[in-house]
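Novice: File name input36.cif; file contents mmCIF, C-alpha atoms and all ligand atoms; full text below.
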```
data_coords
#
loop_
_atom_site.label_atom_id
_atom_site.label_comp_id
_atom_site.auth_asym_id
_atom_site.auth_seq_id
_atom_site.Cartn_x
_atom_site.Cartn_y
_atom_site.Cartn_z
CA MET A 1472 22.72 23.00 10.43
CA GLU A 1473 20.41 20.02 10.81
CA HIS A 1474 18.87 18.91 7.51
CA ARG A 1475 15.85 16.62 7.08
CA LYS A 1476 14.32 15.14 3.95
CA VAL A 1477 10.59 14.53 4.11
CA ALA A 1478 8.11 13.27 1.48
CA MET A 1479 4.36 13.91 1.39
CA VAL A 1480 2.74 10.57 0.56
CA GLY A 1481 -0.83 9.44 -0.07
CA PRO A 1482 -3.61 9.01 -2.61
CA GLY A 1483 -4.65 11.69 -5.13
CA GLY A 1484 -6.73 14.64 -3.93
CA VAL A 1485 -6.28 14.17 -0.16
CA GLY A 1486 -4.54 17.54 0.24
CA LYS A 1487 -0.78 16.86 0.20
CA SER A 1488 -0.08 19.93 -1.94
CA ALA A 1489 -2.59 22.14 -0.10
CA ILE A 1490 -0.90 21.25 3.22
CA THR A 1491 2.59 21.85 1.79
CA ILE A 1492 1.67 25.23 0.28
CA GLN A 1493 -0.08 26.29 3.50
CA PHE A 1494 3.05 25.36 5.47
CA ILE A 1495 5.50 27.08 3.10
CA LYS A 1496 3.52 30.05 1.76
CA ASN A 1497 0.65 30.53 4.24
CA HIS A 1498 -2.21 30.33 1.79
CA PHE A 1499 -4.80 27.80 0.71
CA ILE A 1500 -5.02 26.50 -2.85
CA SER A 1501 -8.65 25.67 -3.60
CA LEU A 1502 -7.99 24.50 -7.16
CA TYR A 1503 -7.13 20.84 -7.65
CA ASP A 1504 -4.12 20.46 -9.91
CA PRO A 1505 -2.66 16.93 -9.64
CA THR A 1506 1.03 17.00 -8.75
CA ILE A 1507 3.79 15.17 -10.60
CA GLU A 1508 6.56 16.17 -8.19
CA ASP A 1509 7.52 19.44 -6.49
CA SER A 1510 10.08 20.32 -3.88
CA PHE A 1511 10.15 22.98 -1.20
CA GLN A 1512 12.35 24.02 1.69
CA LYS A 1513 11.66 25.72 5.01
CA ARG A 1514 13.75 26.42 8.09
CA ILE A 1515 11.92 25.84 11.37
CA LYS A 1516 12.76 25.52 15.06
CA VAL A 1517 11.87 22.23 16.73
CA ASP A 1518 12.60 21.95 20.46
CA ASP A 1519 14.76 25.08 20.17
CA ILE A 1520 16.98 23.59 17.45
CA LEU A 1521 16.93 25.04 13.92
CA VAL A 1522 16.34 22.54 11.16
CA ASN A 1523 16.12 22.84 7.37
CA VAL A 1524 13.23 20.73 6.13
CA ASP A 1525 13.30 19.62 2.47
CA ILE A 1526 9.82 18.60 1.40
CA THR A 1527 9.07 16.50 -1.66
CA ASP A 1528 5.42 16.81 -2.62
CA THR A 1529 4.59 13.66 -4.55
CA ALA A 1530 1.92 12.39 -6.92
CA GLY A 1531 -1.01 10.47 -5.52
CA GLU A 1532 -2.63 9.89 -8.88
CA GLU A 1533 -2.04 6.47 -10.40
CA ASP A 1534 -0.65 7.91 -13.68
CA TYR A 1535 2.38 9.42 -11.97
CA ARG A 1536 3.20 6.64 -9.54
CA PHE A 1537 6.11 5.40 -11.66
CA ILE A 1538 8.44 7.74 -9.70
CA ARG A 1539 7.19 6.38 -6.36
CA ASP A 1540 10.13 4.11 -5.52
CA GLN A 1541 12.59 6.92 -6.22
CA TYR A 1542 11.12 9.32 -3.68
CA MET A 1543 10.70 6.54 -1.15
CA MET A 1544 14.38 5.71 -1.42
CA GLY A 1545 15.49 9.36 -1.48
CA ASN A 1546 13.68 10.52 1.66
CA ASP A 1547 13.99 9.63 5.35
CA GLY A 1548 10.71 10.82 6.87
CA PHE A 1549 7.19 10.36 5.52
CA VAL A 1550 4.04 12.41 6.02
CA LEU A 1551 1.23 9.96 5.20
CA VAL A 1552 -1.96 11.82 4.30
CA ILE A 1553 -5.59 10.69 4.10
CA ASP A 1554 -8.83 12.62 3.54
CA SER A 1555 -11.20 12.51 6.55
CA THR A 1556 -14.20 12.71 4.18
CA CYS A 1557 -13.12 9.73 2.09
CA LEU A 1558 -12.90 6.30 3.71
CA ARG A 1559 -11.39 4.89 0.52
CA SER A 1560 -8.33 7.11 1.02
CA LEU A 1561 -7.31 5.03 4.05
CA VAL A 1562 -7.56 1.83 1.99
CA GLU A 1563 -5.56 3.47 -0.80
CA LEU A 1564 -2.94 4.77 1.63
CA HIS A 1565 -2.31 1.18 2.65
CA GLU A 1566 -0.87 0.43 -0.82
CA PHE A 1567 1.67 3.23 -0.31
CA VAL A 1568 2.47 1.93 3.18
CA GLU A 1569 3.05 -1.60 1.84
CA ARG A 1570 5.44 -0.24 -0.76
CA LEU A 1571 7.22 1.89 1.83
CA LYS A 1572 7.68 -1.12 4.11
CA HIS A 1573 9.09 -3.06 1.18
CA ILE A 1574 11.64 -0.32 0.50
CA LYS A 1575 12.38 1.03 4.00
CA GLY A 1576 11.74 -2.01 6.18
CA ASP A 1577 8.89 -2.35 8.68
CA VAL A 1578 9.81 0.63 10.82
CA PHE A 1579 10.51 4.15 9.54
CA PRO A 1580 9.83 7.70 10.80
CA CYS A 1581 6.36 8.84 9.78
CA VAL A 1582 3.30 10.84 10.82
CA LEU A 1583 -0.27 9.94 9.87
CA VAL A 1584 -2.31 12.98 8.82
CA CYS A 1585 -6.11 13.03 8.59
CA ASN A 1586 -6.88 16.14 6.51
CA LYS A 1587 -9.95 18.24 5.55
CA ILE A 1588 -11.39 18.25 9.09
CA ASP A 1589 -13.07 21.59 8.28
CA LEU A 1590 -15.62 19.55 6.28
CA THR A 1591 -17.20 18.31 9.53
CA SER A 1592 -20.54 17.18 8.13
CA GLU A 1593 -18.85 15.15 5.36
CA ARG A 1594 -16.51 13.29 7.68
CA THR A 1595 -16.54 9.51 7.23
CA ILE A 1596 -13.32 8.39 8.97
CA THR A 1597 -13.32 8.43 12.77
CA ILE A 1598 -10.29 9.34 14.86
CA GLU A 1599 -10.44 5.82 16.36
CA GLU A 1600 -10.05 4.27 12.91
CA VAL A 1601 -7.06 6.49 12.16
CA ARG A 1602 -5.44 5.70 15.54
CA SER A 1603 -6.01 1.96 15.06
CA TYR A 1604 -4.33 2.11 11.67
CA SER A 1605 -1.33 3.87 13.22
CA VAL A 1606 -1.10 1.26 16.00
CA GLU A 1607 -1.55 -1.77 13.76
CA GLN A 1608 0.43 -0.72 10.70
CA LEU A 1609 2.71 2.19 11.61
CA ASN A 1610 4.19 1.31 15.01
CA SER A 1611 1.93 3.84 16.74
CA CYS A 1612 3.27 6.86 14.87
CA PRO A 1613 1.77 10.27 15.80
CA VAL A 1614 -1.63 11.07 14.31
CA VAL A 1615 -2.41 14.68 13.34
CA GLU A 1616 -5.86 15.94 12.32
CA THR A 1617 -5.55 18.89 9.97
CA SER A 1618 -7.26 21.33 7.72
CA ALA A 1619 -5.14 22.86 4.98
CA ARG A 1620 -8.03 25.30 4.39
CA THR A 1621 -8.04 26.76 7.93
CA ARG A 1622 -4.31 25.94 8.57
CA THR A 1623 -5.34 23.85 11.61
CA ASN A 1624 -2.38 21.79 12.90
CA VAL A 1625 -0.39 22.24 9.67
CA ASP A 1626 2.79 23.29 11.50
CA GLN A 1627 2.26 20.40 13.96
CA ILE A 1628 2.79 17.88 11.13
CA PHE A 1629 6.30 19.11 10.44
CA TYR A 1630 7.28 19.48 14.12
CA GLN A 1631 6.13 15.92 14.70
CA ILE A 1632 7.97 14.42 11.73
CA VAL A 1633 11.24 16.15 12.70
CA LYS A 1634 10.82 14.86 16.27
CA GLN A 1635 10.23 11.35 14.92
CA MET A 1636 13.33 11.51 12.73
CA ARG A 1637 15.46 12.67 15.66
CA TYR A 1638 14.04 9.85 17.76
CA TYR A 1639 14.99 7.29 15.10
CA ASP A 1640 18.53 8.76 14.99
CA ASP A 1641 18.94 8.24 18.73
CA ASN A 1642 17.37 4.81 18.99
CA VAL A 1643 18.12 1.52 17.35
CA VAL A 1644 15.05 -0.49 16.41
CA CYS A 1645 15.19 -4.23 16.95
CA CYS A 1646 12.34 -6.65 16.33
CA ASP A 1647 11.43 -9.14 19.05
CA GLU A 1648 11.83 -12.55 17.41
CA GLU A 1649 8.76 -14.04 19.10
CA THR A 1650 6.19 -11.25 19.02
CA GLU A 1651 7.75 -9.43 16.01
CA GLU A 1652 7.04 -6.21 17.93
CA PRO A 1653 9.64 -3.47 17.43
CA THR A 1654 11.63 -2.53 20.52
CA TYR A 1655 13.59 0.70 20.78
CA PHE A 1656 17.03 0.83 22.38
CA SER A 1657 18.83 4.10 22.88
CA VAL A 1658 22.17 4.34 21.07
CA PRO A 1659 24.19 4.59 24.35
CA ILE A 1660 22.59 1.35 25.60
CA VAL A 1661 23.41 -0.45 22.35
CA ARG A 1662 27.02 0.84 22.48
CA LYS A 1663 27.32 -0.46 26.04
CA LYS A 1664 25.95 -3.86 25.04
CA LEU A 1665 28.31 -4.00 22.03
CA SER A 1666 31.39 -2.99 23.98
CA SER A 1667 30.72 -5.64 26.63
CA LEU A 1668 30.21 -8.17 23.84
CA PHE A 1669 33.49 -7.19 22.16
CA LYS A 1670 35.27 -7.26 25.50
CA SER A 1671 34.17 -10.82 26.18
CA VAL A 1672 35.13 -11.86 22.63
CA SER A 1673 38.56 -10.24 22.93
CA GLU A 1674 39.11 -11.85 26.34
CA GLU A 1675 38.34 -15.24 24.84
CA ASP A 1676 40.64 -14.71 21.90
CA PRO A 1677 43.33 -12.11 22.57
CA ASP A 1678 44.47 -12.24 18.92
CA ILE A 1679 41.17 -10.89 17.63
CA GLU A 1680 41.43 -7.37 16.19
CA LEU A 1681 38.76 -4.87 17.08
CA PHE A 1682 37.86 -1.87 14.94
CA LEU A 1683 35.70 0.43 17.06
N1 LIG B 1701 -12.12 21.80 2.42
C1 LIG B 1701 -10.86 21.42 2.27
N2 LIG B 1701 -10.38 21.16 1.04
C2 LIG B 1701 -9.09 20.78 0.94
C3 LIG B 1701 -8.22 20.61 2.06
N3 LIG B 1701 -7.02 20.21 1.63
C4 LIG B 1701 -7.10 20.13 0.30
N4 LIG B 1701 -8.33 20.47 -0.14
C5 LIG B 1701 -8.82 20.50 -1.53
O1 LIG B 1701 -8.75 19.19 -2.07
C6 LIG B 1701 -8.33 19.21 -3.44
C7 LIG B 1701 -7.09 18.35 -3.62
O2 LIG B 1701 -6.02 18.93 -2.88
P1 LIG B 1701 -4.48 18.72 -3.31
O3 LIG B 1701 -3.65 19.34 -2.24
O4 LIG B 1701 -4.24 19.21 -4.69
O5 LIG B 1701 -4.40 17.12 -3.28
P2 LIG B 1701 -3.08 16.21 -3.46
O6 LIG B 1701 -3.07 15.23 -2.35
O7 LIG B 1701 -1.87 17.08 -3.59
O8 LIG B 1701 -3.38 15.45 -4.84
P3 LIG B 1701 -2.30 14.85 -5.90
O9 LIG B 1701 -1.29 15.92 -6.19
O10 LIG B 1701 -3.09 14.45 -7.11
O11 LIG B 1701 -1.69 13.65 -5.27
C8 LIG B 1701 -8.10 20.69 -3.77
O12 LIG B 1701 -9.26 21.20 -4.42
C9 LIG B 1701 -7.91 21.35 -2.41
O13 LIG B 1701 -8.31 22.69 -2.38
C10 LIG B 1701 -8.78 20.90 3.35
O14 LIG B 1701 -8.14 20.77 4.40
N5 LIG B 1701 -10.10 21.28 3.40
MG MG B 1702 -0.60 17.38 -5.09
#
```
Mind turning this structure into structure tokens?

Specialist:
Amino acid sequence: MEHRKVAMVGPGGVGKSAITIQFIKNHFISLYDPTIEDSFQKRIKVDDILVNVDITDTAGEEDYRFIRDQYMMGNDGFVLVIDSTCLRSLVELHEFVERLKHIKGDVFPCVLVCNKIDLTSERTITIEEVRSYSVEQLNSCPVVETSARTRTNVDQIFYQIVKQMRYYDDNVVCCDEETEEPTYFSVPIVRKKLSSLFKSVSEEDPDIELFL
């Protein structure tokens, strides 16, 4: 059985727990109770393949951020959440993204979630701003607009993050030295390149030992 470890990341109060509980238990928590750390599990089907998703719901509040590095190291996929009614949440998310890049490297599987879209009249972040952030900082990761209250697109988040993680499994990311843009090579292509490289090395020096 496929197994994926995902962390919910973002500033305090943006709705990480409300999204997680809606996804796992199908109800909305209207009370705000800051999280320290919780974990959940759900089995879902993504592209007809069953997958067990382990979700770590993390603390956004400053007081609990001391465990931040641990969950960043212990998880492979990241659901980055902001609050569509709070422009500051995008600025605050950037601190988490900087830390993630420090720990995981510049490229890692993630989805950018803009939550609380049910509060239409209070919205302050535009979809263009969210998309630009994804393009400029997150290698154009998928953007999902959600409402934990109405359950809008909540399942989509987890389908998208699993798809991203599978994509990263199948592709090797290399950075272009000049532009510093990431380029994705499929694993078969990289294997082909490597084997031709090894072949030419071994032809040059027949004594060289290869461990493939
Ligand atoms: N209207 C509306 N309120 C929401 C939505 N999502 C979360 N909330 C409310 O926002 C408040 C904070 O939500 P939480 O899920 O606890 O926030 P959090 O990101 O887990 O916060 P920390 O655990 O402190 O990091 C709660 O009162 C929720 O009910 C949403 O989509 N729409
Ligand atoms: Mg929480």

Novice: Dump as CSV the rows for residues of chain A within 6 Å of ligand LIG 1701 (chain B): closest atom pair and distance in Å with one decimal, only C-alpha atoms and all ligand atoms counted, ordered by chain and rising residue number.

Specialist:
```
residue,atom,partner,partner_atom,distance
A:Pro1482,CA,B:LIG1701,O11,5.7
A:Gly1483,CA,B:LIG1701,O11,3.6
A:Gly1484,CA,B:LIG1701,O5,3.5
A:Val1485,CA,B:LIG1701,O6,4.0
A:Gly1486,CA,B:LIG1701,O3,3.2
A:Lys1487,CA,B:LIG1701,O6,3.8
A:Ser1488,CA,B:LIG1701,O3,3.6
A:Ala1489,CA,B:LIG1701,O3,3.7
A:Ile1500,CA,B:LIG1701,O13,5.1
A:Ser1501,CA,B:LIG1701,O13,3.2
A:Leu1502,CA,B:LIG1701,O12,4.5
A:Tyr1503,CA,B:LIG1701,O12,3.9
A:Asp1504,CA,B:LIG1701,O4,5.4
A:Pro1505,CA,B:LIG1701,O10,3.6
A:Thr1506,CA,B:LIG1701,O9,3.6
A:Ala1530,CA,B:LIG1701,O11,4.2
A:Gly1531,CA,B:LIG1701,O11,3.3
A:Glu1532,CA,B:LIG1701,O10,4.9
A:Asn1586,CA,B:LIG1701,O14,5.2
A:Lys1587,CA,B:LIG1701,O14,3.3
A:Asp1589,CA,B:LIG1701,N5,5.7
A:Leu1590,CA,B:LIG1701,N1,5.7
A:Ser1618,CA,B:LIG1701,O14,3.5
A:Ala1619,CA,B:LIG1701,O14,3.7
A:Arg1620,CA,B:LIG1701,O14,4.5
```

Novice: Quick one: axis-aligned box around all listed atoms of region 1565-1581 of chain A, 4 Å on every side, centre and edge lengths in Å to one decimal, written as lines of an AutoDock Vina configuration file.

Specialist:
```
center_x = 5.0
center_y = 2.9
center_z = 5.0
size_x = 22.7
size_y = 19.9
size_z = 19.6
```

Novice: From the list A:Gln1512, A:Tyr1535, A:Lys1496, A:Leu1571, which residue is nearest ligand MG 1702 (chain B) when using all atoms listed in the file?

Specialist: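 Smallest distance to ligand MG 1702 (chain B) is found for A:Tyr1535.
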
Novice: Grab the CA of Asn1546 (chain A) to CA of Glu1652 (chain A) distance for me, in Å with one decimal place.

Specialist: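 According to the coordinates, CA of Asn1546 (chain A) and CA of Glu1652 (chain A) are separated by 24.3 Å.
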
Novice: How far is it from CA of Val1578 (chain A) to CA of Met1479 (chain A), in Å with one decimal?

Specialist: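 These two atoms are separated by 17.2 Å.
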